[in-house]
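**Q** Can you keep this structure in mind? I'll have questions shortly.
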Amino acid sequence: MPRIVITPDRCKGCELCVDACPQQILGMGRKINSKGYFYAEVVEQMRCIGCRLCCITCPDTAIEMRVNGTMYHYFSY
Amino acid sequence: MPRIVITPDRCKGCELCVDACPQQILGMGRKINSKGYFYAEVVEQMRCIGCRLCCITCPDTAIEMRVNGTMYHYFSY
Amino acid sequence: MAKKLMKGSEAIGEAAVQAGCRLFFGYPITPQNEIPEYMSLRLPQVGGCFVQAESEVAASNMLYGAAGTGERVMTSSSSPGISLMSEAASYLAGAELPVVIVNIVRAGPGLGGILPSQGDYFQATRGMGHGDFRLLVLAPWSVQEAADLVQDAFDLADFYRNPVMVLGDGLIGQMMEPVEFSSDRQPIKELQPKTWAATGCPGDRPTNIINSLFLDPEELERHNWKLKAKYDAMTRDEIRSASYAADDDYDVLIVAYGTVARVCSTAIDELRERGVRVAMVRPITLFPYPYQAIRDAALRASSVLVVELSTGQMIEDVRLALEGARPIHFHSRVGGMLVTPDEVIEKVECILAGGAAEVSHG
Amino acid sequence: MAKKLMKGSEAIGEAAVQAGCRLFFGYPITPQNEIPEYMSLRLPQVGGCFVQAESEVAASNMLYGAAGTGERVMTSSSSPGISLMSEAASYLAGAELPVVIVNIVRAGPGLGGILPSQGDYFQATRGMGHGDFRLLVLAPWSVQEAADLVQDAFDLADFYRNPVMVLGDGLIGQMMEPVEFSSDRQPIKELQPKTWAATGCPGDRPTNIINSLFLDPEELERHNWKLKAKYDAMTRDEIRSASYAADDDYDVLIVAYGTVARVCSTAIDELRERGVRVAMVRPITLFPYPYQAIRDAALRASSVLVVELSTGQMIEDVRLALEGARPIHFHSRVGGMLVTPDEVIEKVECILAGGAAEVSHG
Amino acid sequence: MAETVFSRPGALAPVITHYCPGCTHGIIHRLIAEVIDELGIRERTVGIAPVGCAVLAYNYFTVDFQEASHGRAPAVATGIKRARPDLIVFTYQGDGDLASIGMAEIVHCANRGEKVTVVFVNNAIYGMTGGQMAPTTMPGQIATTCPLGRDVEQAGHPIRIAELLSTLRTPSFVARAAVHTPLYAVNAKEMLRRAFRYQVAGTCFSMVEVLSTCPTNWGVPPVEANRWLAQNMMPFYPLGVFKTPDGADRAPTPGAGD
Amino acid sequence: MAETVFSRPGALAPVITHYCPGCTHGIIHRLIAEVIDELGIRERTVGIAPVGCAVLAYNYFTVDFQEASHGRAPAVATGIKRARPDLIVFTYQGDGDLASIGMAEIVHCANRGEKVTVVFVNNAIYGMTGGQMAPTTMPGQIATTCPLGRDVEQAGHPIRIAELLSTLRTPSFVARAAVHTPLYAVNAKEMLRRAFRYQVAGTCFSMVEVLSTCPTNWGVPPVEANRWLAQNMMPFYPLGVFKTPDGADRAPTPGAGD
Amino acid sequence: MQNDVIMAGFGGQGILLIGKMLAYAGMHEGKEVSWLPSYGPEMRGGTCNCTVVISDRPVGSPVIRSPRAVLAMNLPSLDKFERDVRPGGLLLVNSSLINRDPARTDLTVVKVPANEIANSLGNPRAANMVALGAYLGATGAVSIAEVEAVVRETFSAKPQLVDSNLLALHRGFEVGAAATGKAVASVAEEGS
Amino acid sequence: MQNDVIMAGFGGQGILLIGKMLAYAGMHEGKEVSWLPSYGPEMRGGTCNCTVVISDRPVGSPVIRSPRAVLAMNLPSLDKFERDVRPGGLLLVNSSLINRDPARTDLTVVKVPANEIANSLGNPRAANMVALGAYLGATGAVSIAEVEAVVRETFSAKPQLVDSNLLALHRGFEVGAAATGKAVASVAEEGS
Ligand SMILES: Cc1ncc(C[n+]2csc(CCOP(=O)(O)OP(=O)(O)O)c2C)c(N)n1
Ligand SMILES: Cc1ncc(C[n+]2csc(CCOP(=O)(O)OP(=O)(O)O)c2C)c(N)n1
Ligand code: SF4
Ligand code: SF4
Ligand code: SF4
Ligand code: SF4
Ligand code: SF4
Ligand code: SF4
Ligand SMILES: [Mg+2]
Ligand SMILES: [Mg+2]
């Protein structure tokens with residue numbers, strides 16, 4: 001089961017991950033982080049398919065992905 | 001009738017004209033000009049076909065060509 | 001014309017346009033980007049042409065080419081970009097081309113920082129490029145003066161057929177102040193038609209050649225002395241300086257140029273209010289340098305304070321002016337830090353309290 | 001090793017190799033082509049590498065990169081090419097990189113000519129690039145001294161982590177003289193391992209960064225004063241000068257450097273033979289400048305004569321040294337013309353006959 | 001136990017960059033760092049930062065760095081690599097840096113076949129200095145020094161660096177990629193991987209041009225910037241491998257997308 | 001009466017050049033002068049001399065001249081043409097000048113589409129400074145800075161400027177010619193004529209690369225130098241028109257002659 | 001007589017604009033003026049500030065280390081500049097965005113809920129005008145009439161904005177005028 | 001004691017080489033020496049020259065405007081340098097290529113038919129060695145034995161050339177030695 005972890009203080013609120021997620025399960029929160037940005041949040045963790053597109057697109061390595069068990073990827077990366 | 005005129009003091013003795021003349025009627029003389037070069041001479045003016053190849057190849061505009069009457073050229077230049 | 005509130009960079013650009021400059025070649029660099037940006041919009045409006053060059057090297061050589069046609073031309077840059085113009089500066093001086101070069105100095109060396117500095121003084125007054133040549137260097141202390149000096153710069157460049165540098169810093173470039181352009185400005189020098197320009201050779205006149213090469217050393221020697229004679233003429237006729245609070249008596253004479261002199265003027269006002277007798281001479285031309293004015297003013301004081309944004313460059317010229325006649329004190333901030341009026345006040349008080357001079361083997 | 005008759009250019013190249021220089025980046029320019037040409041043949045023989053750069057701009061930045069790995073590196077050029085290295089010189093100084101730059105000066109400004117000159121004195125000692133920095137400048141007067149100073153230059157560069165310039169002219173570059181390389185030369189300074197070099201970052205040590213950018217002005221200010229402290233240390237420890245015929249009394253003191261000093265030595269010999277009391281101080285380091293040695297020597301004379309191949313550059317340093325203590329006379333040839341012993345003799349005789357000094361408001 | 005399958009690579013420093021929100025410089029940094037990690041070359045890599053928005057790149061990688069003067073990174077790289085051929089040397093350069101002031105240096109570095117890797121970030125603008133025209137700025141695109149839009153009559157057309165370098169006879173690896181969507185970023189990483197591998201093997205010079213965004217100076221939000229890139233830049237700057245050292249070149253395509 | 005059908009063109013000064021015997025710089029000078037005469041533009045032409053053997057070109061033409069610093073002639077030309085679009089501006093540059101130090105300037109001048117004409121004299125060597133390696137020096141060719149012959153592993157392969165400039169999107173006229181035999185010179189003149197005509201018409205940037213000899217630094221007599229050029233340079237530097245402004249380009253041929 | 005002020009806030013708050021307006025008005029009033037923006041590395045950080053000097057005599061230093069007044073439009077600005085205000089000087093605080101009290105007690109502190117006032121006027125972007133008004137009210141550095149003229153000119157292309165901006169200016173002015181003289185003005189309540 | 005000489009001629013005459021040989025020999029003899037070629041624009045003109053200084057003391061100026069001796073291998077060189085020879089100095093003239101008499105009367109003039117002598121020895125390229133020998137004979141600047149050693153070393157790769165060059169050197173030496181002291185030596189006849 002893939003789990004997405006967004007570090008609020010690394011997020012600059014660019015919304016690229018939101019745009020990238022094929023499951024549309026990321027969204028911008030309403031809280032402001034220490035740098036003054038509204039940061040991204042996982043809205044529906046359960047529907048995450050572990051595609052890593054959000055991780056790959058985040059320019060600020062604000063997103064990590066953790067998995068229990070083995071995980072096969074759609075693309076070599 | 002084409003006539004080739006070589007100005008001795010402009011000639012640097014490079015022999016390019018000698019090499020270029022299809023009629024092989026140019027040659028290097030045995031006299032030295034004011035710059036210390038052996039200069040080119042027309043050996044057999046009569047056989048000149050007026051092709052202007054010597055003129056065109058001379059890097060030092062040492063060669064002029066004069067003609068009596070009309071003259072048609074093999075190439076536009 | 002009425003007064004307008006203008007950014008220094010824009011005032012410099014507008015002044016050039018008003019002075020008849022129709023060509024600008026430049027390359028972006030902070031903190032002077034507003035000059036090329038202004039010119040890119042403004043020059044086409046007056047039938048001129050702005051070219052963003054691929055580099056400062058290219059910009060300065062475009063300047064050379066355009067100046068060689070006799071047109072009024074300008075470039076601007078900031079310290080690292082100015083260094084890249086060194087070779088061209090030498091060529092411009094050697095070929096006697098009138099151009100205006102604006103250097104909005106930033107802190108160095110190397111990439112350094114982008115905040116104000118006066119660290120390019122040596123380069124501007126002496127070493128910008130190889131060989132024996134000089135730039136005429138003008139250092140404004142306000143936006144209005146920047147605008148005025150830029151216009152004068154074009155006249156001086158044309159008159160002497162020599163590159164003229166306007167030396168400012170980020171403050172001059174970035175700040176807004178009221179500026180007025182006179183609508184009927186006359187050239188400050190009597191200018192001759194540029195019959196030397198290479199603009200096509202009609203009929204049989206000898207060709208005009210823009211050139212700094214002289215293979216015959218005797219000819220090159222003559223050329224060098226001819227250039228030297230121009231620098232001597234500048235030294236005779238073009239020296240400019242201003243004094244501040246020097247009508248009254250003073251014990252300490254401050255020497256400072258550019259925006260630093262502004263800061264010093266504030267300090268002087270406060271010190272005068274407290275009864276401290278202090279005045280200032282402000283060089284406006286950095287080459288030719290107002291040695292005599294400074295010497296004369298210094299002899300009225302008991303000591304001299306040089307304030308500059310470098311670890312000690314203009315102070316050498318002050319030493320040359322004084323030749324040991326008065327002790328010289330020094331205050332500076334560098335790296336983009338600015339001198340404050342308080343610091344100057346403190347320094348003056350310390351001098352009057354008997355603080356040791358930096359330079360005093362006179 | 002035995003004495004060998006070598007061209008100055010080759011001796012400079014060989015000296016660098018002997019000093020452990022394994023990388024040379026350069027671009028052809030007369031009159032120093034023999035240096036890169038020598039290096040292109042010699043360096044591969046000792047496992048080193050010669051790169052003909054696409055320009056002097058590129059060469060100087062290759063120098064920067066290679067120096068940043070801690071290797072000993074050199075470039076050489078002549079005046080216009082040196083101007084193109086101005087930006088890099090400032091970066092090298094800012095990033096504190098030890099490199100050796102040879103300038104075989106030719107006559108300027110601009111393309112000028114290719115014959116000997118000392119017209120780059122200001123550039124070398126003050127204005128080579130933007131910002132507050134200095135090159136340590138060494139000026140040999142013979143081929144042997146050129147070889148020695150080049151080797152010292154590498155040690156000084158490493159010790160101070162600062163670019164060092166060897167300033168010669170076409171005579172030094174082109175003439176052949178006997179040269180001897182000692183087979184067991186020791187560094188003239190105690191050198192530390194170059195732990196600052198960027199050569200890959202093992203484990204967890206902080207990364208090494210070769211850099212001249214300091215966005216924080218307070219940091220940049222500290223950096224500037226740190227550099228200044230190095231220049232002060234050089235001024236304290238590295239000044240070199242030589243005197244000639246100064247053991248006996250003298251009335252006129254000549255100040256000259258480089259090959260011009262050779263010419264003056266011949267003139268002095270002849271003058272001494274005629275009983276004219278004249279001596280010479282020859283600066284070997286141009287920065288730091290031997291102000292004190294010159295002042296001390298000058299105070300023993302009644303007047304001073306500066307001889308140089310420029311319209312008047314080093315004379316400023318002599319003025320700074322003397323601060324008016326003695327009248328200063330000046331003799332020069334420029335544009336590739338050379339000073340002759342006869343001219344110097346004539347000038348000295350004219351001084352002794354009461355000729356007016358160029359500079360004498362002391 | 002949960003295994004972390006995606007996180008910051010070791011070659012990337014755990015700091016927050018100064019890049020604007022959504023600026024794809026950050027993605028490119030991470031891709032490079034991942035490749036360095038994967039190839040196990042971190043401890044012998046030296047990076048070269050440009051003058052441009054990436055001027056502080058030396059703070060963002062855990063590898064030794066040199067800061068080059070504007071445009072001269074390829075010369076600096078040459079110096080390093082010639083001095084220490086055992087090091088892995090890469091430059092990171094913007095389009096102003098590489099394609100404008102540094103044109104001579106990049107062409108000659110590539111032509112000498114210096115065994116270094118160049119990452120060329122083409123964002124069609126001068127980011128750091130506040131949005132002036134770059135050699136790669138698109139026709140009609142507004143910038144502060146072409147306030148009415150780039151006029152190709154005055155300023156010429158954008159320069160295609162990958163195509164230009166591909167004409168050189170000296171063997172090299174030249175490719176163009178983009179990072180405006182994650183899948184393009186995956187491809188970009190593959191290009192970077194190949195580029196570094198060629199260097200590790202000592203084969204040749206390698207350059208990857210990466211199309212990138214500058215939301216700030218383009219004046220659009222990041223997501224829109226990505227779309228703008230796809231719509232405007234990609235047709236003119238075709239992606240792909242333009243040259244490989246073994247000669248299996250894809251012929252340069254001048255006129256493609258014109 | 002005898003009519004003179006071939007003599008020094010009016011745009012060429014009646015002086016004797018400093019070029020070495022048989023150096024083809026002289027031929028190229030004359031061809032340019034003839035074209036200037038034919039187009040009737042002498043009185044509004046400004047030439048730009050390079051730093052190189054042609055440094056004194058300003059003495060050899062009867063047109064106004066500027067002497068540029070090494071490599072920067074295209075920038076000087078830009079300055080002149082922008083200041084005075086009515087003038088006909090040409091540069092005359094060697095391979096060290098144009099292809100080495102001046103690479104950035106020529107690429108950008110061409111890319112901006114400056115309406116100037118560049119005559120690029122490629123003699124595969126630095127003539128004036130005494131025979132150092134040029135970017136165009138042939139593999140294995142001996143020069144004073146590659147005393148064992150150009151090693152392509154260290155110095156890379158020669159650069160083909162015409163091909164390189166042809167990749168630029170901005171319209172231009174780019175051709176390569178040679179003058180080592182009179183008939184090739186005839187063709188070279190035709191290329192120069194076209195190049196100047198495009199400028200006169202205000203159409204575009206134009207460049208003609210002319211393969212040339214340097215008997216002195218190649219160390220062979222002039223006639224042999226011409227043969228060496230044909231045998232060694234021509235296979236690597238194919239002649240022809242590489243680009244025309246109307247798009248009837250001949251595709252660049254990287255790899256041709258490899 | 002010299003008035004000088006550092007105005008500071010976020011990038012989008014229109015700080016540089018009101019600084020320029022103030023300088024313009026001063027100039028029109030025949031005063032000597034200078035306006036200096038911060039530039040440099042911090043520019044990108046999202047905060048910005050400018051220094052305006054208005055004087056009867058030629059302006060000396062355009063850089064003011066200890067200004068007679070500071071206008072802090074957000075918290076970072078207050079944090080940065082509070083300590084610099086000249087003793088006895090003026091500190092204007094945008095209480096809409098700043099929820100802490102100034103630490104210094106030797107200043108005239110004026111709290112202006114600039115955003116709230118602007119919102120209440122239906123023009124949320126006019127918070128800067130409120131602040132400018134408050135500065136004018138508190139200092140009288142230039143006459144509000146001159147500033148009004150500048151506002152009209154500035155928005156001449158968008159006439160629909162003139163009124164709300166003028167209104168904002170006046171509401172701010174009232175707050176500033178009312179508050180001056182009091183050690184800590186608590187106009188926040190009044191104003192909103 | 002200092003000897004200095006300017007040697008001048010056409011590019012191909014081996015002038016720079018004999019200058020270097022002289023300097024080498026001087027160095028081997030323990031003297032201070034310098035050798036300076038002309039460089040610069042005239043280089044291309046086809047003529048070349050060098051200055052050699054041999055001295056007991058460190059060499060001062062390596063540039064000699066008024067040399068103690070001039071060796072003119074062709075007419076342009078005589079034209080150029082005749083006037084520079086120090087009064088009372090030595091002027092060596094290659095009479096094979098120079099058909100005019102020197103104009104100056106205050107010099108020791110030695111005419112050497114260098115090419116003819118060399119031709120007569122079957123090594124036309126050794127004219128430079130004849131001239132060098134003549135200079136040595138006329139001045140004794142360095143011992144001929146040292147020069148011989150240098151010649152051997154120089155031609156060590158082409159031993160077949162050693163003898164004819166040594167012979168040329170000696171024949172020149174004889175001419176120089178015989179002629180010195182006489183105001184205008186007329187050895188041309190003797191020598192050929
Ligand atoms: C010699 C020199 N010229 C100009 C500059 C100013 N400058 C800094 S970055 C830059 C261009 C940045 O654009 P780019 O390379 O495209 O990088 P980006 O910021 O877009 O990533 C310029 C012109 C400089 N620092 N040095
Ligand atoms: C900045 C600078 N660098 C180097 C030189 C020296 N230089 C003069 S000409 C030349 C190269 C000449 O070669 P090329 O351009 O091929 O012309 P050619 O002589 O072969 O016709 C060089 C390097 C210079 N004058 N200026
Ligand atoms: S891993 Fe894929 S599905 Fe999951 S949040 Fe990221 S983008 Fe969406
Ligand atoms: S992509 Fe990264 S920085 Fe951007 S919103 Fe998502 S988590 Fe934040
Ligand atoms: S015109 Fe032709 S045939 Fe006549 S001499 Fe010249 S080359 Fe020979
Ligand atoms: S080509 Fe010209 S220079 Fe050469 S030999 Fe013939 S006439 Fe003389
Ligand atoms: S200015 Fe542009 S390129 Fe630079 S960090 Fe911001 S978005 Fe990125
Ligand atoms: S050196 Fe070469 S290129 Fe120069 S003039 Fe002589 S032959 Fe021609
Ligand atoms: Mg960019
Ligand atoms: Mg060439």
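Ordered as shown in the structure tokens, chains take letters A, B, and onward, while each chain numbers its residues from 1 and ligands are numbered from 1 in the order shown.
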Write out, as JSON lines, each residue of chain A that has an atom at most 12 Å from ligand 7, together with the closest pair of atoms and their distance in Å to one decimal, counting only C-alpha atoms and all ligand atoms, rows going by chain and rising number.
**A**
```
{"residue": "A:Lys12", "atom": "CA", "partner": "ligand 7", "partner_atom_place_in_ligand_line": "7 (S)", "distance": 11.9}
{"residue": "A:Cys14", "atom": "CA", "partner": "ligand 7", "partner_atom_place_in_ligand_line": "7 (S)", "distance": 10.7}
{"residue": "A:Pro59", "atom": "CA", "partner": "ligand 7", "partner_atom_place_in_ligand_line": "8 (Fe)", "distance": 10.2}
{"residue": "A:Asp60", "atom": "CA", "partner": "ligand 7", "partner_atom_place_in_ligand_line": "5 (S)", "distance": 11.7}
```
**Q** Need to verify the contact set: B:Glu44, 10 Å, only C-alpha atoms, exclusion of same-chain residues closer than 2 positions in sequence. Can you return it as a PyMOL selection string?
**A** chain B and resi 23-27+41-42+46-48
**Q** As a VMD selection string, please: every residue in stretch 25-66 of chain B that a backbone DSSP assignment puts in strand (DSSP E).
**A** chain B and resid 26 to 32 38 to 42 63 to 66
**Q** Would you put the residues from that selection into a file with C-alpha atoms, as a tab-separated table (two decimals), in the first residue's frame?
**A**
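As written to disk, again-v8.tsv reads:
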```tsv
chain	number	residue	atom	x	y	z
B	26	LEU	CA	53.73	31.39	-68.78
B	27	GLY	CA	57.01	30.79	-67.07
B	28	MET	CA	59.23	32.14	-64.36
B	29	GLY	CA	61.87	34.54	-65.58
B	30	ARG	CA	65.46	34.74	-64.40
B	31	LYS	CA	65.36	38.39	-63.41
B	32	ILE	CA	64.70	39.64	-59.92
B	38	PHE	CA	61.89	36.16	-59.68
B	39	TYR	CA	58.84	37.19	-61.63
B	40	ALA	CA	56.58	35.53	-64.15
B	41	GLU	CA	56.77	36.18	-67.85
B	42	VAL	CA	54.70	35.37	-70.91
B	63	ILE	CA	48.45	40.25	-64.55
B	64	GLU	CA	46.26	42.28	-66.83
B	65	MET	CA	44.69	41.25	-70.08
B	66	ARG	CA	44.07	43.49	-73.06
```
**Q** Fewer than 6 positions away in the same chain doesn't count, so skip those; otherwise give me all residues within 8 Å of stretch 244-247 of chain F, counting only C-alpha atoms, as an NGL selection string.
**A** :F and (171-174 or 203-204)
**Q** Show me, as a list in words, the residues that have an atom within 8 Å of C:Ala325 when counting only C-alpha atoms, minus same-chain residues fewer than 2 positions from it.
**A**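 Selected residues are Leu299, Leu322, Glu323, Pro327 and Gly362 of chain C.
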**Q** Neighbours of E:Phe65 within 7 Å (only C-alpha atoms; same-chain residues fewer than 6 positions away dropped), as JSON, numbers by chain?
**A** {"D": [198, 208, 209, 210], "E": [46, 47, 48, 58]}
**Q** Please list as a list in words every residue within 7 Å of A:Cys58, counting only C-alpha atoms and excluding residues in the same chain fewer than 5 positions away.
**A** Leu16, Cys17 and Ile63 of chain A; Ile27 of chain E
**Q** Define the interface residues of chain F facing chain B as those within 10 Å, counting only C-alpha atoms, and report them as a PyMOL selection string.
**A** chain F and resi 1-9+12+14-31+34-35+179-190+193+215+221-224+226
**Q** Residues near G:Leu91, anyone? I mean within 9 Å using only C-alpha atoms, not counting same-chain ones fewer than 5 positions away, as a list in words.
**A**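 So, after excluding close chain neighbours, the residues are Arg68, Ala69, Val70, Leu71, Ala72, Leu78, Glu82, Val85, Pro102, Leu107, Thr108, Val109, Val110 and Lys111 of chain G.
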**Q** Output C-alpha atoms of each residue in that selection to a file, as a PDB file, in the first residue's frame.
**A**
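The file below, out38.pdb, is the result:
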```
ATOM      1  CA  ARG G  68      11.754  58.931  11.414  1.00  0.00           C
ATOM      2  CA  ALA G  69       8.902  56.593  10.497  1.00  0.00           C
ATOM      3  CA  VAL G  70       8.338  52.984   9.556  1.00  0.00           C
ATOM      4  CA  LEU G  71       5.222  51.607   7.930  1.00  0.00           C
ATOM      5  CA  ALA G  72       5.054  47.849   8.481  1.00  0.00           C
ATOM      6  CA  LEU G  78       7.762  44.773  11.702  1.00  0.00           C
ATOM      7  CA  GLU G  82      10.979  47.998  14.435  1.00  0.00           C
ATOM      8  CA  VAL G  85      12.991  53.590  14.012  1.00  0.00           C
ATOM      9  CA  PRO G 102       5.478  46.431  18.987  1.00  0.00           C
ATOM     10  CA  LEU G 107       7.732  55.368  19.704  1.00  0.00           C
ATOM     11  CA  THR G 108       4.435  56.728  18.553  1.00  0.00           C
ATOM     12  CA  VAL G 109       2.687  53.580  17.447  1.00  0.00           C
ATOM     13  CA  VAL G 110      -0.295  53.788  15.139  1.00  0.00           C
ATOM     14  CA  LYS G 111      -2.183  50.598  14.412  1.00  0.00           C
TER      15      LYS G 111
END
```
**Q** Compute the set of protein, DNA and RNA residues whose minimum atom distance to ligand 9 is at most 9 Å, using only C-alpha atoms and all ligand atoms, and state it as a ChimeraX atom specification.
**A** /E:52-53,93-97,121-128,131,133-134,136-137,212-214
**Q** Suppose we keep C-alpha atoms; can you now write the selection as a JSON list (two decimals), in the first residue's frame?
**A**
```
[["chain", "number", "residue", "atom", "x", "y", "z"],
["E", 52, "GLY", "CA", 21.74, 32.47, -13.47],
["E", 53, "CYS", "CA", 18.94, 31.38, -11.21],
["E", 93, "GLN", "CA", 23.68, 26.21, -17.21],
["E", 94, "GLY", "CA", 20.80, 28.40, -18.21],
["E", 95, "ASP", "CA", 20.01, 29.58, -21.70],
["E", 96, "GLY", "CA", 21.39, 33.05, -21.18],
["E", 97, "ASP", "CA", 24.51, 31.54, -19.73],
["E", 121, "VAL", "CA", 18.26, 24.39, -18.76],
["E", 122, "ASN", "CA", 16.33, 26.18, -21.45],
["E", 123, "ASN", "CA", 13.55, 28.29, -19.98],
["E", 124, "ALA", "CA", 13.38, 30.79, -22.82],
["E", 125, "ILE", "CA", 14.17, 33.72, -20.56],
["E", 126, "TYR", "CA", 16.75, 35.30, -18.29],
["E", 127, "GLY", "CA", 15.29, 34.27, -14.96],
["E", 128, "MET", "CA", 17.71, 35.64, -12.44],
["E", 131, "GLY", "CA", 13.00, 38.40, -17.37],
["E", 133, "MET", "CA", 15.05, 38.16, -23.65],
["E", 134, "ALA", "CA", 17.17, 35.05, -24.06],
["E", 136, "THR", "CA", 15.88, 30.93, -26.83],
["E", 137, "THR", "CA", 12.95, 33.26, -26.21],
["E", 212, "SER", "CA", 12.15, 24.24, -18.28],
["E", 213, "THR", "CA", 9.70, 26.84, -17.01],
["E", 214, "CYS", "CA", 9.99, 30.24, -15.41]]
```
**Q** Please report the interatomic distance between atom CA of C:Phe214 and atom 25 (N, counted along the ligand's line) of ligand 2 in Å with one decimal.
**A**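 If I compute the distance from atom CA of C:Phe214 to atom 25 (N, counted along the ligand's line) of ligand 2, I get 12.7 Å.
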